[in-house]
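Student: The following file, structure23.txt, comprises compact mmCIF, C-alpha atoms:
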```txt
# COMPACT_ATOMS: atom_id res chain seq x y z
CA ASP A 25 0.00 0.00 0.00
CA ALA A 26 1.38 3.41 -0.99
CA GLY A 27 0.07 5.20 2.07
CA VAL A 28 -1.25 8.76 2.12
CA ILE A 29 0.52 10.86 -0.51
CA GLN A 30 0.90 14.61 -0.14
CA SER A 31 2.35 17.14 -2.55
CA PRO A 32 4.37 19.23 -2.62
CA ARG A 33 6.67 18.23 0.26
CA HIS A 34 7.95 21.78 0.57
CA GLU A 35 6.50 25.09 -0.59
CA VAL A 36 8.06 28.52 -0.27
CA THR A 37 6.10 31.45 -1.59
CA GLU A 38 5.59 35.14 -1.05
CA MET A 39 2.86 36.68 1.00
CA GLY A 40 -0.32 37.23 -0.98
CA GLN A 41 0.18 34.29 -3.32
CA GLU A 42 -2.29 31.42 -3.63
CA VAL A 43 -1.14 28.10 -2.21
CA THR A 44 -2.66 24.71 -3.07
CA LEU A 45 -1.80 21.58 -1.12
CA ARG A 46 -2.76 18.17 -2.44
CA CYS A 47 -3.56 14.83 -0.87
CA LYS A 48 -4.27 11.33 -2.11
CA PRO A 49 -5.74 9.14 0.65
CA ILE A 50 -5.25 5.40 1.00
CA SER A 51 -7.49 3.53 -1.41
CA GLY A 52 -10.65 2.36 0.30
CA HIS A 53 -10.48 4.87 3.12
CA ASN A 54 -13.64 6.92 3.46
CA SER A 55 -12.53 9.62 5.88
CA LEU A 56 -9.95 12.31 5.14
CA PHE A 57 -8.50 14.85 7.55
CA TRP A 58 -6.42 18.04 7.12
CA TYR A 59 -4.22 19.11 10.06
CA ARG A 60 -1.81 21.95 10.70
CA GLN A 61 1.20 21.59 13.00
CA THR A 62 3.15 24.45 14.57
CA MET A 63 5.51 24.63 17.50
CA MET A 64 3.22 26.98 19.40
CA ARG A 65 -0.12 25.30 18.86
CA GLY A 66 0.83 21.69 18.15
CA LEU A 67 -1.33 19.61 15.80
CA GLU A 68 -4.75 21.06 15.04
CA LEU A 69 -7.57 19.61 12.95
CA LEU A 70 -8.65 22.02 10.22
CA ILE A 71 -11.38 20.05 8.44
CA TYR A 72 -12.46 16.49 7.80
CA PHE A 73 -14.49 14.72 5.14
CA ASN A 74 -16.49 11.52 5.19
CA ASN A 75 -17.43 9.97 1.83
CA ASN A 76 -16.20 13.18 0.13
CA VAL A 77 -18.55 15.37 2.17
CA PRO A 78 -17.16 17.98 4.60
CA ILE A 79 -18.33 17.02 8.08
CA ASP A 80 -16.60 19.53 10.36
CA ASP A 81 -14.72 22.63 9.20
CA SER A 82 -14.76 24.42 12.54
CA GLY A 83 -10.97 24.32 12.66
CA MET A 84 -10.49 26.29 9.45
CA PRO A 85 -8.92 29.50 10.72
CA GLU A 86 -10.29 32.03 8.23
CA ASP A 87 -12.14 32.41 4.98
CA ARG A 88 -8.77 32.47 3.27
CA PHE A 89 -8.67 28.70 3.80
CA SER A 90 -10.79 26.33 1.74
CA ALA A 91 -10.77 22.57 1.16
CA LYS A 92 -12.35 20.34 -1.42
CA MET A 93 -12.68 16.64 -2.05
CA PRO A 94 -14.02 16.18 -5.58
CA ASN A 95 -13.66 12.40 -5.45
CA ALA A 96 -12.60 9.60 -3.12
CA SER A 97 -8.96 9.70 -4.21
CA PHE A 98 -8.12 13.41 -4.11
CA SER A 99 -8.39 16.43 -1.85
CA THR A 100 -6.99 19.95 -1.89
CA LEU A 101 -6.41 22.59 0.76
CA LYS A 102 -6.13 26.10 -0.61
CA ILE A 103 -4.96 29.29 1.04
CA GLN A 104 -5.72 32.53 -0.76
CA PRO A 105 -4.18 34.98 -0.11
CA SER A 106 -1.41 33.48 1.98
CA GLU A 107 0.13 35.26 4.98
CA PRO A 108 3.39 34.65 6.93
CA ARG A 109 1.42 33.31 9.91
CA ASP A 110 0.18 30.47 7.72
CA SER A 111 3.69 29.01 7.76
CA ALA A 112 3.43 25.51 9.24
CA VAL A 113 3.50 21.83 8.35
CA TYR A 114 0.20 20.69 6.89
CA PHE A 115 -0.72 17.03 7.19
CA CYS A 116 -3.35 14.98 5.47
CA ALA A 117 -4.61 11.74 7.05
CA SER A 118 -7.16 9.11 6.10
CA SER A 119 -9.00 6.31 7.86
CA GLU A 120 -11.49 3.59 7.13
CA ASN A 121 -15.16 4.38 7.69
CA TYR A 122 -16.20 5.06 10.59
CA SER A 123 -15.02 5.66 14.14
CA ASN A 124 -12.50 3.63 16.09
CA GLN A 125 -10.15 3.19 13.17
CA PRO A 126 -6.62 4.55 13.32
CA GLN A 127 -5.72 7.52 11.15
CA HIS A 128 -2.88 7.14 8.66
CA PHE A 129 -0.83 10.26 8.00
CA GLY A 130 1.08 11.51 5.00
CA ASP A 131 4.56 12.99 5.38
CA GLY A 132 3.21 16.53 5.28
CA THR A 133 3.82 19.73 3.33
CA ARG A 134 6.19 22.22 4.94
CA LEU A 135 4.85 25.63 3.97
CA SER A 136 6.86 28.84 4.32
CA ILE A 137 5.25 32.17 3.50
CA LEU A 138 7.78 34.97 3.18
CA LYS B 24 -14.02 21.30 25.05
CA GLN B 25 -11.53 18.46 25.04
CA GLU B 26 -7.96 19.35 26.07
CA VAL B 27 -5.06 16.91 26.05
CA THR B 28 -1.86 17.38 28.03
CA GLN B 29 1.39 15.43 27.89
CA ILE B 30 4.04 15.73 30.56
CA PRO B 31 7.01 15.82 30.36
CA ALA B 32 7.68 17.59 27.08
CA ALA B 33 11.00 15.78 26.77
CA LEU B 34 12.52 12.68 28.29
CA SER B 35 16.00 11.17 28.00
CA VAL B 36 16.76 7.60 29.14
CA PRO B 37 19.56 5.06 28.74
CA GLU B 38 19.05 2.11 26.43
CA GLY B 39 17.31 -0.86 28.01
CA GLU B 40 15.27 1.12 30.48
CA ASN B 41 11.51 0.60 30.83
CA LEU B 42 9.63 3.89 30.67
CA VAL B 43 6.17 5.41 30.91
CA LEU B 44 4.77 8.34 28.96
CA ASN B 45 1.78 10.16 30.39
CA CYS B 46 -1.29 11.69 28.78
CA SER B 47 -4.24 13.40 30.45
CA PHE B 48 -7.53 14.60 28.97
CA THR B 49 -10.28 16.78 30.36
CA ASP B 50 -13.44 15.27 28.88
CA SER B 51 -13.98 11.61 29.76
CA ALA B 52 -16.73 11.19 27.12
CA ILE B 53 -14.33 9.82 24.55
CA TYR B 54 -14.82 7.18 21.84
CA ASN B 55 -11.18 6.27 21.80
CA LEU B 56 -7.67 7.37 22.64
CA GLN B 57 -4.78 6.92 20.24
CA TRP B 58 -1.02 6.97 20.60
CA PHE B 59 1.17 8.04 17.69
CA ARG B 60 4.86 8.28 16.99
CA GLN B 61 6.39 11.11 14.94
CA ASP B 62 9.91 11.00 13.55
CA PRO B 63 11.62 14.25 12.47
CA GLY B 64 10.35 15.49 9.12
CA LYS B 65 7.75 12.76 8.95
CA GLY B 66 4.06 12.30 9.52
CA LEU B 67 2.52 10.47 12.44
CA THR B 68 2.48 6.68 12.70
CA SER B 69 -0.37 5.09 14.62
CA LEU B 70 0.91 2.87 17.45
CA LEU B 71 -2.12 1.88 19.51
CA LEU B 72 -5.82 2.69 19.63
CA ILE B 73 -7.78 2.06 22.82
CA GLN B 74 -11.54 2.08 22.52
CA SER B 75 -13.56 3.62 25.33
CA SER B 76 -14.72 0.18 26.49
CA GLN B 77 -11.17 -1.13 26.78
CA ARG B 78 -8.62 -0.74 29.54
CA GLU B 79 -5.45 -1.43 27.61
CA GLN B 80 -3.88 -2.44 24.30
CA THR B 81 -0.56 -4.12 23.62
CA SER B 82 1.69 -4.27 20.59
CA GLY B 83 5.12 -5.81 20.97
CA ARG B 84 7.08 -3.83 23.56
CA LEU B 85 4.34 -1.21 23.80
CA ASN B 86 1.42 -1.23 26.20
CA ALA B 87 -1.13 1.55 26.47
CA SER B 88 -3.64 1.87 29.28
CA LEU B 89 -6.77 3.97 29.61
CA ASP B 90 -8.53 5.20 32.73
CA LYS B 91 -11.48 7.31 31.64
CA SER B 92 -12.63 8.12 35.16
CA SER B 93 -9.35 9.86 35.96
CA GLY B 94 -8.82 11.19 32.44
CA ARG B 95 -5.46 9.49 32.03
CA SER B 96 -3.63 7.23 29.63
CA THR B 97 -0.12 5.87 29.78
CA LEU B 98 2.18 4.40 27.15
CA TYR B 99 4.63 1.87 28.56
CA ILE B 100 7.73 1.04 26.52
CA ALA B 101 9.68 -2.00 27.64
CA ALA B 102 13.41 -2.44 27.12
CA SER B 103 13.83 0.85 25.26
CA GLN B 104 16.11 1.03 22.21
CA PRO B 105 17.77 3.95 20.40
CA GLY B 106 15.33 3.34 17.54
CA ASP B 107 12.49 4.28 19.89
CA SER B 108 13.75 7.88 19.88
CA ALA B 109 10.93 10.02 18.50
CA THR B 110 8.11 12.29 19.61
CA TYR B 111 5.12 10.43 21.01
CA LEU B 112 1.70 12.07 20.79
CA CYS B 113 -1.57 11.01 22.30
CA ALA B 114 -4.93 12.05 20.94
CA ALA B 115 -8.43 11.77 22.39
CA THR B 116 -11.67 12.07 20.50
CA ALA B 117 -13.62 15.27 20.98
CA ARG B 118 -17.09 15.22 22.49
CA GLY B 119 -19.74 14.90 19.82
CA GLY B 120 -17.40 13.63 17.10
CA SER B 121 -15.97 10.14 17.13
CA GLU B 122 -13.52 10.86 14.33
CA LYS B 123 -12.37 14.26 15.52
CA LEU B 124 -9.10 13.93 17.43
CA VAL B 125 -7.59 16.43 19.86
CA PHE B 126 -3.84 16.04 20.17
CA GLY B 127 -1.41 16.68 22.99
CA LYS B 128 1.82 18.47 22.13
CA GLY B 129 3.82 15.31 22.58
CA THR B 130 6.74 13.96 24.57
CA LYS B 131 10.11 13.95 22.81
CA LEU B 132 11.87 10.74 23.80
CA THR B 133 15.62 10.21 23.43
CA VAL B 134 17.06 6.76 24.14
CA ASN B 135 20.81 6.94 24.56
CA PRO B 136 23.00 3.98 23.51
```
Would you mind giving the structure from this file in structure tokens?

Tutor:
Amino acid sequence: DAGVIQSPRHEVTEMGQEVTLRCKPISGHNSLFWYRQTMMRGLELLIYFNNNVPIDDSGMPEDRFSAKMPNASFSTLKIQPSEPRDSAVYFCASSENYSNQPQHFGDGTRLSIL
Amino acid sequence: KQEVTQIPAALSVPEGENLVLNCSFTDSAIYNLQWFRQDPGKGLTSLLLIQSSQREQTSGRLNASLDKSSGRSTLYIAASQPGDSATYLCAATARGGSEKLVFGKGTKLTVNP
């Protein structure tokens, strides 16, 4: 199994630019999660999907953040416009439907906004 | 609102020592509690998942316990090895959402040869 695949692994861009992070979950997994990790705040859930439908987006910090899951094998997290305080490592994770199944994480995207 | 705390933030032990990592949570109405390992520059790897009806789970040299009434979980590592060096995070489900995890900030473990 290839595991959760995230791209790009690293992204450096200037303030104000649009950033798009991509995720391919493990085949057969029905739940997908986007997290953000910083030294100050630790790992925080931004949004999660079940069967491609957003279930809880209460962790999305601002309207500048948006996430989509057009099909079971692909999701994007977009930041527009980006700001320096968005710099963090963004993780995608997936799990089998429903609760009480472990989440499997990708290796993350390290985002730096200059 | 669920809050998860891990103390200490860092721990250094000699190889071969048995050790315990601690995790506490504020809301006992959890569906499960999970322990993860994170290596530098990598994502999280799931180690153990304890369902709310269980008291403990074991995998190899790892044993995790859960005491909902006191809001505590421990991860026991037997006969530690340098390869166990990593950051260990625990996560508890949030009230009202069985899939929504709230993470502690982790304990950075260093096992010295």

Student: Let me make sure I understand: among A:Ser136, A:Thr62, A:Cys47, A:Gly52, which one has the smallest atom-to-atom distance to Pro94 (chain A) if we use all atoms listed in the file?

Tutor: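 Going through A:Ser136, A:Thr62, A:Cys47, A:Gly52 one by one, the smallest distance to Pro94 (chain A) is for A:Cys47.
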
Student: Go ahead and find all residues with at least one atom no further than 8 Å from (3.2, 10.2, 11.4) in the file's coordinates, using only C-alpha atoms; report them as a list in words.

Tutor: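 Those residues lying close to the given coordinates are His128, Phe129, Gly130 and Asp131 of chain A; Phe59, Arg60, Gln61, Asp62, Lys65, Gly66, Leu67, Thr68 and Ser69 of chain B.
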
Student: Set the cut-off to 12 Å and count all atoms listed in the file: what are the residues of chain B that reach chain A? Output as a count of residues only.

Tutor: 49

Student: Considering all atoms listed in the file, return as an MDAnalysis selection string whatever protein or nucleic-acid residues lie within 12 Å of Asp87 (chain A), sequence-local ones (same chain, fewer than 5 positions apart) excluded.

Tutor: chainID A and resid 81:82 102:106

Student: Just how far from CA of Gly83 (chain A) is CA of Gly94 (chain B), in Å to one decimal?

Tutor: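 Pair CA of Gly94 (chain B) / CA of Gly83 (chain A) returns 23.8 Å.
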
Student: Have a look at CA of Leu44 (chain B) and CA of Arg118 (chain B) and let me know their distance in Å, one decimal.

Tutor: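 Taking CA of Leu44 (chain B) and CA of Arg118 (chain B), their separation equals 23.8 Å.
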
Student: If you measure from CA of Ala96 (chain A) to CA of Glu120 (chain A), what distance in Å do you get, rounded to one decimal?

Tutor: 11.9 Å
